[in-house]
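Note: the block below is query_17.txt and it holds compact mmCIF, N, CA and C atoms.
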```
# COMPACT_ATOMS: atom_id res chain seq x y z
N MET A 1 -8.71 -16.93 2.67
CA MET A 1 -9.07 -15.58 3.02
C MET A 1 -10.38 -15.24 2.31
N SER A 2 -11.25 -14.62 3.03
CA SER A 2 -12.55 -14.26 2.48
C SER A 2 -12.70 -12.74 2.50
N PHE A 3 -13.20 -12.22 1.42
CA PHE A 3 -13.42 -10.78 1.32
C PHE A 3 -14.83 -10.44 1.78
N ASP A 4 -14.94 -9.42 2.61
CA ASP A 4 -16.26 -8.92 2.98
C ASP A 4 -16.46 -7.54 2.34
N ARG A 5 -17.60 -6.94 2.60
CA ARG A 5 -17.94 -5.67 1.96
C ARG A 5 -16.93 -4.56 2.30
N LYS A 6 -16.47 -4.55 3.56
CA LYS A 6 -15.55 -3.51 4.00
C LYS A 6 -14.22 -3.61 3.25
N VAL A 7 -13.73 -4.83 3.06
CA VAL A 7 -12.47 -5.03 2.35
C VAL A 7 -12.63 -4.65 0.87
N VAL A 8 -13.76 -5.00 0.28
CA VAL A 8 -14.00 -4.65 -1.12
C VAL A 8 -14.04 -3.13 -1.29
N TYR A 9 -14.70 -2.44 -0.38
CA TYR A 9 -14.71 -0.97 -0.43
C TYR A 9 -13.29 -0.42 -0.34
N ASN A 10 -12.49 -0.99 0.56
CA ASN A 10 -11.12 -0.52 0.75
C ASN A 10 -10.28 -0.77 -0.49
N VAL A 11 -10.38 -1.96 -1.09
CA VAL A 11 -9.62 -2.29 -2.30
C VAL A 11 -10.05 -1.37 -3.44
N ALA A 12 -11.35 -1.17 -3.59
CA ALA A 12 -11.84 -0.29 -4.65
C ALA A 12 -11.34 1.14 -4.44
N ASN A 13 -11.30 1.59 -3.22
CA ASN A 13 -10.80 2.93 -2.92
C ASN A 13 -9.32 3.04 -3.25
N LEU A 14 -8.54 2.04 -2.86
CA LEU A 14 -7.10 2.07 -3.16
C LEU A 14 -6.84 2.02 -4.65
N ALA A 15 -7.67 1.29 -5.39
CA ALA A 15 -7.50 1.18 -6.84
C ALA A 15 -8.17 2.33 -7.58
N ARG A 16 -8.81 3.21 -6.85
CA ARG A 16 -9.52 4.35 -7.44
C ARG A 16 -10.58 3.87 -8.45
N ILE A 17 -11.34 2.84 -8.02
CA ILE A 17 -12.39 2.27 -8.85
C ILE A 17 -13.72 2.51 -8.16
N ARG A 18 -14.67 3.04 -8.91
CA ARG A 18 -16.01 3.24 -8.38
C ARG A 18 -16.80 1.95 -8.62
N VAL A 19 -17.31 1.37 -7.54
CA VAL A 19 -18.07 0.13 -7.64
C VAL A 19 -19.50 0.41 -7.17
N ALA A 20 -20.45 0.01 -7.99
CA ALA A 20 -21.86 0.22 -7.63
C ALA A 20 -22.23 -0.65 -6.44
N GLU A 21 -23.14 -0.16 -5.62
CA GLU A 21 -23.55 -0.86 -4.40
C GLU A 21 -24.04 -2.27 -4.69
N GLU A 22 -24.76 -2.44 -5.79
CA GLU A 22 -25.32 -3.77 -6.09
C GLU A 22 -24.26 -4.76 -6.57
N ASN A 23 -23.06 -4.29 -6.87
CA ASN A 23 -21.99 -5.18 -7.33
C ASN A 23 -21.01 -5.58 -6.23
N ILE A 24 -21.15 -5.02 -5.05
CA ILE A 24 -20.19 -5.26 -3.97
C ILE A 24 -20.15 -6.74 -3.57
N ASP A 25 -21.30 -7.35 -3.36
CA ASP A 25 -21.31 -8.74 -2.92
C ASP A 25 -20.74 -9.66 -4.00
N ASN A 26 -21.09 -9.41 -5.25
CA ASN A 26 -20.57 -10.22 -6.35
C ASN A 26 -19.05 -10.07 -6.45
N LEU A 27 -18.56 -8.85 -6.31
CA LEU A 27 -17.13 -8.59 -6.38
C LEU A 27 -16.40 -9.25 -5.21
N ALA A 28 -17.00 -9.25 -4.04
CA ALA A 28 -16.40 -9.91 -2.88
C ALA A 28 -16.25 -11.40 -3.14
N THR A 29 -17.26 -12.01 -3.74
CA THR A 29 -17.19 -13.44 -4.05
C THR A 29 -16.09 -13.72 -5.07
N GLU A 30 -16.01 -12.90 -6.11
CA GLU A 30 -15.00 -13.09 -7.14
C GLU A 30 -13.58 -12.90 -6.59
N LEU A 31 -13.38 -11.87 -5.78
CA LEU A 31 -12.06 -11.64 -5.19
C LEU A 31 -11.66 -12.76 -4.25
N SER A 32 -12.61 -13.29 -3.50
CA SER A 32 -12.33 -14.42 -2.61
C SER A 32 -11.90 -15.63 -3.42
N ALA A 33 -12.55 -15.88 -4.55
CA ALA A 33 -12.20 -17.01 -5.40
C ALA A 33 -10.80 -16.84 -5.99
N ILE A 34 -10.47 -15.61 -6.38
CA ILE A 34 -9.14 -15.36 -6.93
C ILE A 34 -8.07 -15.61 -5.88
N ILE A 35 -8.27 -15.11 -4.67
CA ILE A 35 -7.29 -15.29 -3.60
C ILE A 35 -7.17 -16.78 -3.24
N LYS A 36 -8.26 -17.50 -3.26
CA LYS A 36 -8.23 -18.94 -2.98
C LYS A 36 -7.40 -19.66 -4.04
N TRP A 37 -7.56 -19.28 -5.30
CA TRP A 37 -6.79 -19.88 -6.38
C TRP A 37 -5.30 -19.59 -6.22
N VAL A 38 -4.94 -18.35 -5.84
CA VAL A 38 -3.54 -17.99 -5.63
C VAL A 38 -2.97 -18.78 -4.46
N GLU A 39 -3.76 -18.99 -3.42
CA GLU A 39 -3.30 -19.79 -2.29
C GLU A 39 -3.04 -21.23 -2.72
N GLN A 40 -3.82 -21.75 -3.66
CA GLN A 40 -3.58 -23.10 -4.18
C GLN A 40 -2.26 -23.14 -4.94
N LEU A 41 -1.92 -22.08 -5.65
CA LEU A 41 -0.65 -22.04 -6.36
C LEU A 41 0.53 -22.12 -5.39
N ASN A 42 0.37 -21.56 -4.20
CA ASN A 42 1.45 -21.62 -3.21
C ASN A 42 1.72 -23.04 -2.74
N GLU A 43 0.77 -23.94 -2.91
CA GLU A 43 0.94 -25.33 -2.48
C GLU A 43 1.74 -26.16 -3.48
N VAL A 44 1.92 -25.65 -4.69
CA VAL A 44 2.63 -26.40 -5.71
C VAL A 44 4.13 -26.37 -5.43
N ASP A 45 4.77 -27.57 -5.49
CA ASP A 45 6.20 -27.67 -5.25
C ASP A 45 6.95 -27.28 -6.53
N THR A 46 7.62 -26.14 -6.52
CA THR A 46 8.36 -25.67 -7.69
C THR A 46 9.86 -25.67 -7.43
N TYR A 47 10.30 -26.42 -6.42
CA TYR A 47 11.71 -26.40 -6.05
C TYR A 47 12.60 -26.90 -7.18
N THR A 48 12.17 -27.92 -7.90
CA THR A 48 13.01 -28.49 -8.95
C THR A 48 12.78 -27.87 -10.32
N VAL A 49 11.88 -26.90 -10.42
CA VAL A 49 11.59 -26.27 -11.70
C VAL A 49 12.56 -25.12 -11.92
N GLN A 50 13.23 -25.16 -13.07
CA GLN A 50 14.20 -24.12 -13.37
C GLN A 50 13.47 -22.84 -13.79
N ALA A 51 13.91 -21.73 -13.26
CA ALA A 51 13.32 -20.44 -13.61
C ALA A 51 13.61 -20.13 -15.08
N MET A 52 12.62 -19.54 -15.75
CA MET A 52 12.84 -19.21 -17.15
C MET A 52 12.16 -17.89 -17.47
N ASN A 53 12.67 -17.24 -18.48
CA ASN A 53 12.06 -16.00 -18.92
C ASN A 53 11.50 -16.11 -20.32
N ASN A 54 11.61 -17.30 -20.92
CA ASN A 54 11.14 -17.53 -22.27
C ASN A 54 10.80 -19.01 -22.39
N VAL A 55 9.85 -19.34 -23.23
CA VAL A 55 9.47 -20.75 -23.38
C VAL A 55 10.45 -21.52 -24.24
N THR A 56 11.33 -20.82 -24.95
CA THR A 56 12.37 -21.48 -25.72
C THR A 56 13.72 -21.05 -25.19
N ASN A 57 14.73 -21.81 -25.48
CA ASN A 57 16.08 -21.47 -25.01
C ASN A 57 16.83 -20.65 -26.04
N SER A 58 16.15 -19.72 -26.66
CA SER A 58 16.79 -18.90 -27.68
C SER A 58 17.38 -17.64 -27.04
N THR A 59 18.38 -17.12 -27.69
CA THR A 59 18.98 -15.86 -27.24
C THR A 59 18.84 -14.85 -28.37
N LEU A 60 18.75 -13.61 -28.01
CA LEU A 60 18.62 -12.55 -29.00
C LEU A 60 19.97 -12.28 -29.64
N PRO A 61 19.99 -11.98 -30.93
CA PRO A 61 21.26 -11.64 -31.56
C PRO A 61 21.80 -10.34 -30.98
N GLN A 62 23.09 -10.30 -30.77
CA GLN A 62 23.72 -9.12 -30.21
C GLN A 62 24.81 -8.64 -31.15
N ARG A 63 25.06 -7.35 -31.11
CA ARG A 63 26.11 -6.78 -31.92
C ARG A 63 27.27 -6.36 -31.02
N ASN A 64 28.43 -6.21 -31.61
CA ASN A 64 29.58 -5.74 -30.85
C ASN A 64 29.36 -4.31 -30.41
N ASP A 65 29.80 -3.99 -29.23
CA ASP A 65 29.69 -2.64 -28.72
C ASP A 65 30.92 -1.86 -29.16
N SER A 66 30.86 -1.34 -30.37
CA SER A 66 32.00 -0.62 -30.91
C SER A 66 31.52 0.65 -31.60
N VAL A 67 32.40 1.62 -31.68
CA VAL A 67 32.09 2.88 -32.33
C VAL A 67 32.14 2.66 -33.84
N LEU A 68 31.05 2.98 -34.50
CA LEU A 68 30.98 2.78 -35.95
C LEU A 68 31.08 4.09 -36.71
N ASP A 69 31.02 5.19 -36.00
CA ASP A 69 30.99 6.48 -36.66
C ASP A 69 31.82 7.46 -35.83
N GLY A 70 32.33 8.44 -36.44
CA GLY A 70 33.07 9.46 -35.71
C GLY A 70 34.40 9.77 -36.39
N GLY A 71 35.20 10.49 -35.67
CA GLY A 71 36.51 10.85 -36.21
C GLY A 71 36.50 12.12 -37.03
N TYR A 72 35.41 12.84 -37.02
CA TYR A 72 35.36 14.10 -37.75
C TYR A 72 34.65 15.16 -36.90
N PRO A 73 35.32 15.63 -35.85
CA PRO A 73 34.71 16.60 -34.93
C PRO A 73 34.34 17.92 -35.60
N LYS A 74 35.05 18.33 -36.62
CA LYS A 74 34.73 19.61 -37.28
C LYS A 74 33.33 19.55 -37.91
N ASP A 75 32.98 18.40 -38.50
CA ASP A 75 31.65 18.25 -39.10
C ASP A 75 30.57 18.20 -38.02
N VAL A 76 30.88 17.54 -36.91
CA VAL A 76 29.91 17.43 -35.82
C VAL A 76 29.65 18.80 -35.20
N LEU A 77 30.69 19.58 -35.03
CA LEU A 77 30.57 20.88 -34.38
C LEU A 77 30.18 22.00 -35.34
N ALA A 78 29.91 21.69 -36.59
CA ALA A 78 29.59 22.72 -37.58
C ALA A 78 28.34 23.51 -37.20
N ASN A 79 27.37 22.87 -36.57
CA ASN A 79 26.13 23.56 -36.20
C ASN A 79 26.14 24.08 -34.76
N ALA A 80 27.21 23.87 -34.04
CA ALA A 80 27.28 24.33 -32.66
C ALA A 80 27.39 25.85 -32.62
N PRO A 81 26.64 26.50 -31.72
CA PRO A 81 26.76 27.97 -31.62
C PRO A 81 28.17 28.41 -31.24
N GLU A 82 28.83 27.57 -30.40
CA GLU A 82 30.17 27.93 -29.96
C GLU A 82 30.91 26.65 -29.59
N SER A 83 32.19 26.56 -29.95
CA SER A 83 32.99 25.39 -29.59
C SER A 83 34.42 25.81 -29.33
N VAL A 84 35.10 25.01 -28.52
CA VAL A 84 36.50 25.26 -28.20
C VAL A 84 37.22 23.92 -28.22
N ASP A 85 38.28 23.81 -28.99
CA ASP A 85 39.11 22.61 -29.06
C ASP A 85 38.29 21.33 -29.26
N ASP A 86 37.45 21.30 -30.27
CA ASP A 86 36.64 20.12 -30.63
C ASP A 86 35.63 19.73 -29.55
N TYR A 87 35.21 20.68 -28.72
CA TYR A 87 34.19 20.43 -27.69
C TYR A 87 33.08 21.48 -27.81
N PHE A 88 31.87 21.08 -27.44
CA PHE A 88 30.77 22.03 -27.38
C PHE A 88 31.00 22.96 -26.20
N THR A 89 30.69 24.22 -26.36
CA THR A 89 30.77 25.19 -25.27
C THR A 89 29.35 25.55 -24.88
N VAL A 90 29.07 25.44 -23.59
CA VAL A 90 27.76 25.76 -23.07
C VAL A 90 27.88 26.78 -21.96
N PRO A 91 26.84 27.57 -21.72
CA PRO A 91 26.93 28.56 -20.65
C PRO A 91 26.92 27.90 -19.28
N LYS A 92 27.59 28.52 -18.35
CA LYS A 92 27.65 28.01 -16.99
C LYS A 92 26.28 28.20 -16.33
N VAL A 93 25.75 27.13 -15.72
CA VAL A 93 24.43 27.20 -15.11
C VAL A 93 24.48 27.00 -13.61
N VAL A 94 25.60 26.57 -13.07
CA VAL A 94 25.75 26.34 -11.63
C VAL A 94 26.84 27.26 -11.11
N GLU A 95 26.53 27.97 -10.05
CA GLU A 95 27.52 28.87 -9.44
C GLU A 95 28.28 28.15 -8.36
```
What is this structure when it is put down as structure tokens?
Amino acid sequence: MSFDRKVVYNVANLARIRVAEENIDNLATELSAIIKWVEQLNEVDTYTVQAMNNVTNSTLPQRNDSVLDGGYPKDVLANAPESVDDYFTVPKVVE
């Protein structure tokens, strides 16, 4: 695929980039080279390559998903403007 001046103007407009008139031809050449390189990548056979998200097979340390704090609702609700039966009370906002 080859980029011409019209396509470069359109790409610059979509990207909200102001390109000087004297740079249009140079940018068209560079974009054409980039697209050609990407097309070459499509020719590479990656069927047997395992997908990876990291260059090493390490895993991040994880912690148990357990409650470590709580059991004292009176202390939690001490700063609440209003509470009822260990719950926060809020004004009704939907009719």
DSSP-assigned strand (DSSP E or B) members of chain A, reported as a ChimeraX atom specification: /A:83-84,87-88
As lines of an AutoDock Vina configuration file, please: the centre and edge lengths in Å, to one decimal, of an axis-aligned box enclosing every listed atom of range 65-78 of chain A with 3 Å added on each side.
```
center_x = 32.4
center_y = 9.8
center_z = -33.9
size_x = 14.2
size_y = 33.5
size_z = 16.4
```
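CA of Glu95 in chain A sits 27.7 Å away from atom C of Val76 in chain A.
Atom pair CA of Pro73 in chain A / atom N of Tyr87 in chain A has a distance of 7.4 Å (rounded to one decimal).
You will find CA of Val7 in chain A at 8.2 Å from CA of Ala28 in chain A.
For Gln40 in chain A, the residues within 12 Å (counting only C-alpha atoms, excluding itself and residues fewer than 6 positions away along the chain) are Met1, Ala33 and Ile34 of chain A.
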Which of chain A fall in alpha helix (DSSP H), as JSON, numbers by chain: {"A": [5, 6, 7, 8, 9, 10, 11, 12, 13, 14, 24, 25, 26, 27, 28, 29, 30, 31, 32, 33, 34, 35, 36, 37, 38, 39, 40, 41, 42, 73, 74, 75, 76]}
Among the residues A:Asn23, A:Pro61, A:Ser2, A:Asn10, the one that comes closest to Trp37 in chain A [using only C-alpha atoms]: A:Ser2
